[in-house]
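Colleague: Input structure: start18.pdb, which contains PDB, C-alpha atoms.
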```
ATOM      1  CA  MET A 188      65.684 -49.747 -15.056
ATOM      2  CA  ALA A 189      66.041 -46.922 -17.570
ATOM      3  CA  VAL A 190      62.857 -45.243 -16.369
ATOM      4  CA  ALA A 191      63.825 -45.743 -12.724
ATOM      5  CA  SER A 192      67.222 -44.134 -13.323
ATOM      6  CA  PHE A 193      65.535 -41.180 -15.029
ATOM      7  CA  VAL A 194      63.102 -40.693 -12.140
ATOM      8  CA  LEU A 195      65.802 -41.064  -9.475
ATOM      9  CA  GLY A 196      68.052 -38.618 -11.281
ATOM     10  CA  LEU A 197      65.246 -36.108 -11.637
ATOM     11  CA  VAL A 198      64.179 -36.338  -7.988
ATOM     12  CA  GLY A 199      67.820 -36.322  -6.926
ATOM     13  CA  LEU A 200      68.261 -32.798  -8.248
ATOM     14  CA  LEU A 201      66.015 -31.601  -5.426
ATOM     15  CA  VAL A 202      66.541 -33.991  -2.507
ATOM     16  CA  LEU A 203      68.986 -36.676  -1.395
ATOM     17  CA  ASN A 204      71.338 -36.180  -4.318
ATOM     18  CA  LEU A 205      74.117 -37.910  -2.387
ATOM     19  CA  PHE A 206      72.177 -41.189  -2.602
ATOM     20  CA  LEU A 207      69.904 -40.813  -5.610
ATOM     21  CA  GLY A 208      72.624 -39.580  -7.990
ATOM     22  CA  PRO A 209      74.817 -42.686  -7.735
ATOM     23  CA  ALA A 210      71.728 -44.925  -7.772
ATOM     24  CA  ALA A 211      70.606 -43.293 -11.035
ATOM     25  CA  ILE A 212      74.081 -43.769 -12.517
ATOM     26  CA  VAL A 213      74.183 -47.454 -11.560
ATOM     27  CA  LEU A 214      70.680 -48.184 -12.861
ATOM     28  CA  ALA A 215      71.352 -46.346 -16.128
ATOM     29  CA  SER A 216      74.624 -48.193 -16.616
ATOM     30  CA  MET A 217      72.941 -51.534 -15.997
ATOM     31  CA  ALA A 218      70.124 -50.684 -18.409
ATOM     32  CA  LEU A 219      72.588 -49.665 -21.112
ATOM     33  CA  TRP A 220      74.717 -52.752 -20.512
ATOM     34  CA  ARG A 221      71.651 -54.979 -20.899
ATOM     35  CA  GLY A 222      70.715 -53.244 -24.136
ATOM     36  CA  THR A 223      67.469 -51.599 -23.148
ATOM     37  CA  ALA A 224      64.975 -50.439 -25.739
ATOM     38  CA  ARG A 225      64.728 -47.128 -23.865
ATOM     39  CA  ARG A 226      68.308 -46.069 -24.533
ATOM     40  CA  ARG A 227      67.561 -42.330 -24.512
ATOM     41  CA  ARG A 228      65.801 -42.564 -21.164
ATOM     42  CA  ALA A 229      68.806 -44.426 -19.731
ATOM     43  CA  LEU A 230      71.171 -41.780 -21.093
ATOM     44  CA  LEU A 231      69.014 -39.060 -19.542
ATOM     45  CA  GLY A 232      69.125 -40.918 -16.222
ATOM     46  CA  LEU A 233      72.897 -41.171 -16.495
ATOM     47  CA  GLY A 234      73.208 -37.465 -17.231
ATOM     48  CA  LEU A 235      70.874 -36.506 -14.405
ATOM     49  CA  GLY A 236      72.780 -38.746 -11.991
ATOM     50  CA  VAL A 237      76.011 -36.984 -12.896
ATOM     51  CA  ALA A 238      74.236 -33.618 -12.606
ATOM     52  CA  ASP A 239      73.087 -34.612  -9.101
ATOM     53  CA  LEU A 240      76.667 -35.116  -8.031
ATOM     54  CA  ILE A 241      77.796 -31.862  -9.675
ATOM     55  CA  VAL A 242      75.038 -29.950  -7.867
ATOM     56  CA  LEU A 243      76.052 -31.573  -4.588
ATOM     57  CA  ALA A 244      79.725 -30.745  -5.163
ATOM     58  CA  SER A 245      78.972 -27.113  -5.955
ATOM     59  CA  LEU A 246      76.731 -26.737  -2.901
ATOM     60  CA  VAL A 247      79.353 -28.334  -0.677
ATOM     61  CA  ALA A 248      82.009 -26.029  -2.122
ATOM     62  CA  MET A 249      79.880 -22.965  -1.374
ATOM     63  CA  ASP A 250      78.737 -24.017   2.097
ATOM     64  CA  GLY A 251      81.508 -26.329   3.295
ATOM     65  CA  THR A 252      79.107 -29.003   4.569
ATOM     66  CA  VAL A 253      77.427 -32.027   3.024
ATOM     67  CA  SER A 254      74.008 -30.946   4.261
ATOM     68  CA  TRP A 255      72.179 -28.133   2.494
ATOM     69  CA  SER A 256      68.722 -26.672   2.263
ATOM     70  CA  ILE A 257      66.773 -24.675  -0.278
ATOM     71  CA  ALA A 258      65.923 -22.040   2.326
ATOM     72  CA  GLY A 259      69.515 -20.922   2.582
TER      73      GLY A 259
END
```
What do you get writing this file as structure tokens?

Modeller:
Amino acid sequence: MAVASFVLGLVGLLVLNLFLGPAAIVLASMALWRGTARRRRALLGLGLGVADLIVLASLVAMDGTVSWSIAG
């Protein structure tokens, strides 16, 4: 779960951060709660999940819509 949260958080920075960010946060929280051996990877997934939501919030604040694109 720790690795999955890391991957989802990383991919979520580019696409579908509305869905992948919270999924990364949930998976990282579950991995930490279970006492995973990959604690740092789970913490990275948690941080990236939060970063996904911050990126989404800043893009929504600039554009005013939930949808966004890299092209502008």

Colleague: For the file shown, what are the residues hit by the PyMOL selection byres ((chain A and resi 227-235) around 8), laid out as a PDB file with C-alpha atoms, in the coordinates of the input?

Modeller:
```pdb
ATOM      1  CA  MET A 188      65.684 -49.747 -15.056  1.00  0.00           C
ATOM      2  CA  ALA A 189      66.041 -46.922 -17.570  1.00  0.00           C
ATOM      3  CA  VAL A 190      62.857 -45.243 -16.369  1.00  0.00           C
ATOM      4  CA  ALA A 191      63.825 -45.743 -12.724  1.00  0.00           C
ATOM      5  CA  SER A 192      67.222 -44.134 -13.323  1.00  0.00           C
ATOM      6  CA  PHE A 193      65.535 -41.180 -15.029  1.00  0.00           C
ATOM      7  CA  VAL A 194      63.102 -40.693 -12.140  1.00  0.00           C
ATOM      8  CA  LEU A 195      65.802 -41.064  -9.475  1.00  0.00           C
ATOM      9  CA  GLY A 196      68.052 -38.618 -11.281  1.00  0.00           C
ATOM     10  CA  LEU A 197      65.246 -36.108 -11.637  1.00  0.00           C
ATOM     11  CA  LEU A 200      68.261 -32.798  -8.248  1.00  0.00           C
ATOM     12  CA  GLY A 208      72.624 -39.580  -7.990  1.00  0.00           C
ATOM     13  CA  ALA A 211      70.606 -43.293 -11.035  1.00  0.00           C
ATOM     14  CA  ILE A 212      74.081 -43.769 -12.517  1.00  0.00           C
ATOM     15  CA  ALA A 215      71.352 -46.346 -16.128  1.00  0.00           C
ATOM     16  CA  SER A 216      74.624 -48.193 -16.616  1.00  0.00           C
ATOM     17  CA  ALA A 218      70.124 -50.684 -18.409  1.00  0.00           C
ATOM     18  CA  LEU A 219      72.588 -49.665 -21.112  1.00  0.00           C
ATOM     19  CA  ARG A 225      64.728 -47.128 -23.865  1.00  0.00           C
ATOM     20  CA  ARG A 226      68.308 -46.069 -24.533  1.00  0.00           C
ATOM     21  CA  GLY A 236      72.780 -38.746 -11.991  1.00  0.00           C
ATOM     22  CA  VAL A 237      76.011 -36.984 -12.896  1.00  0.00           C
ATOM     23  CA  ALA A 238      74.236 -33.618 -12.606  1.00  0.00           C
ATOM     24  CA  ASP A 239      73.087 -34.612  -9.101  1.00  0.00           C
TER      25      ASP A 239
END
```

Colleague: At what distance in Å, to one decimal, does atom CA of Leu240 of chain A lie from atom CA of Leu203 of chain A?

Modeller: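 Atom CA of Leu240 of chain A lies 10.3 Å from atom CA of Leu203 of chain A.
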
Colleague: Box in all listed atoms of segment 225-230 of chain A, axis-aligned, with 5 Å more on each side; write out centre and edge lengths in Å to one decimal as JSON.

Modeller:
```
{"center_x": 67.9, "center_y": -44.5, "center_z": -22.1, "size_x": 16.4, "size_y": 15.3, "size_z": 14.8}
```

Colleague: Using all atoms listed in the file, which of the listed residues (A:Met217, A:Ala210, A:Gly222, A:Asn204) sits closest to Ala244 of chain A?

Modeller: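 Looking at the shortest contact to Ala244 of chain A, the residue is A:Asn204.
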
Colleague: How many Å lie between atom CA of Phe206 of chain A and atom CA of Arg221 of chain A, rounded to one decimal?

Modeller: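 Taking atom CA of Phe206 of chain A and atom CA of Arg221 of chain A, their separation equals 22.9 Å.
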
Colleague: Would you work out the distance separating atom CA of Thr223 of chain A from atom CA of Val242 of chain A, expressed in Å to one decimal?

Modeller: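 A separation of 27.6 Å between them.
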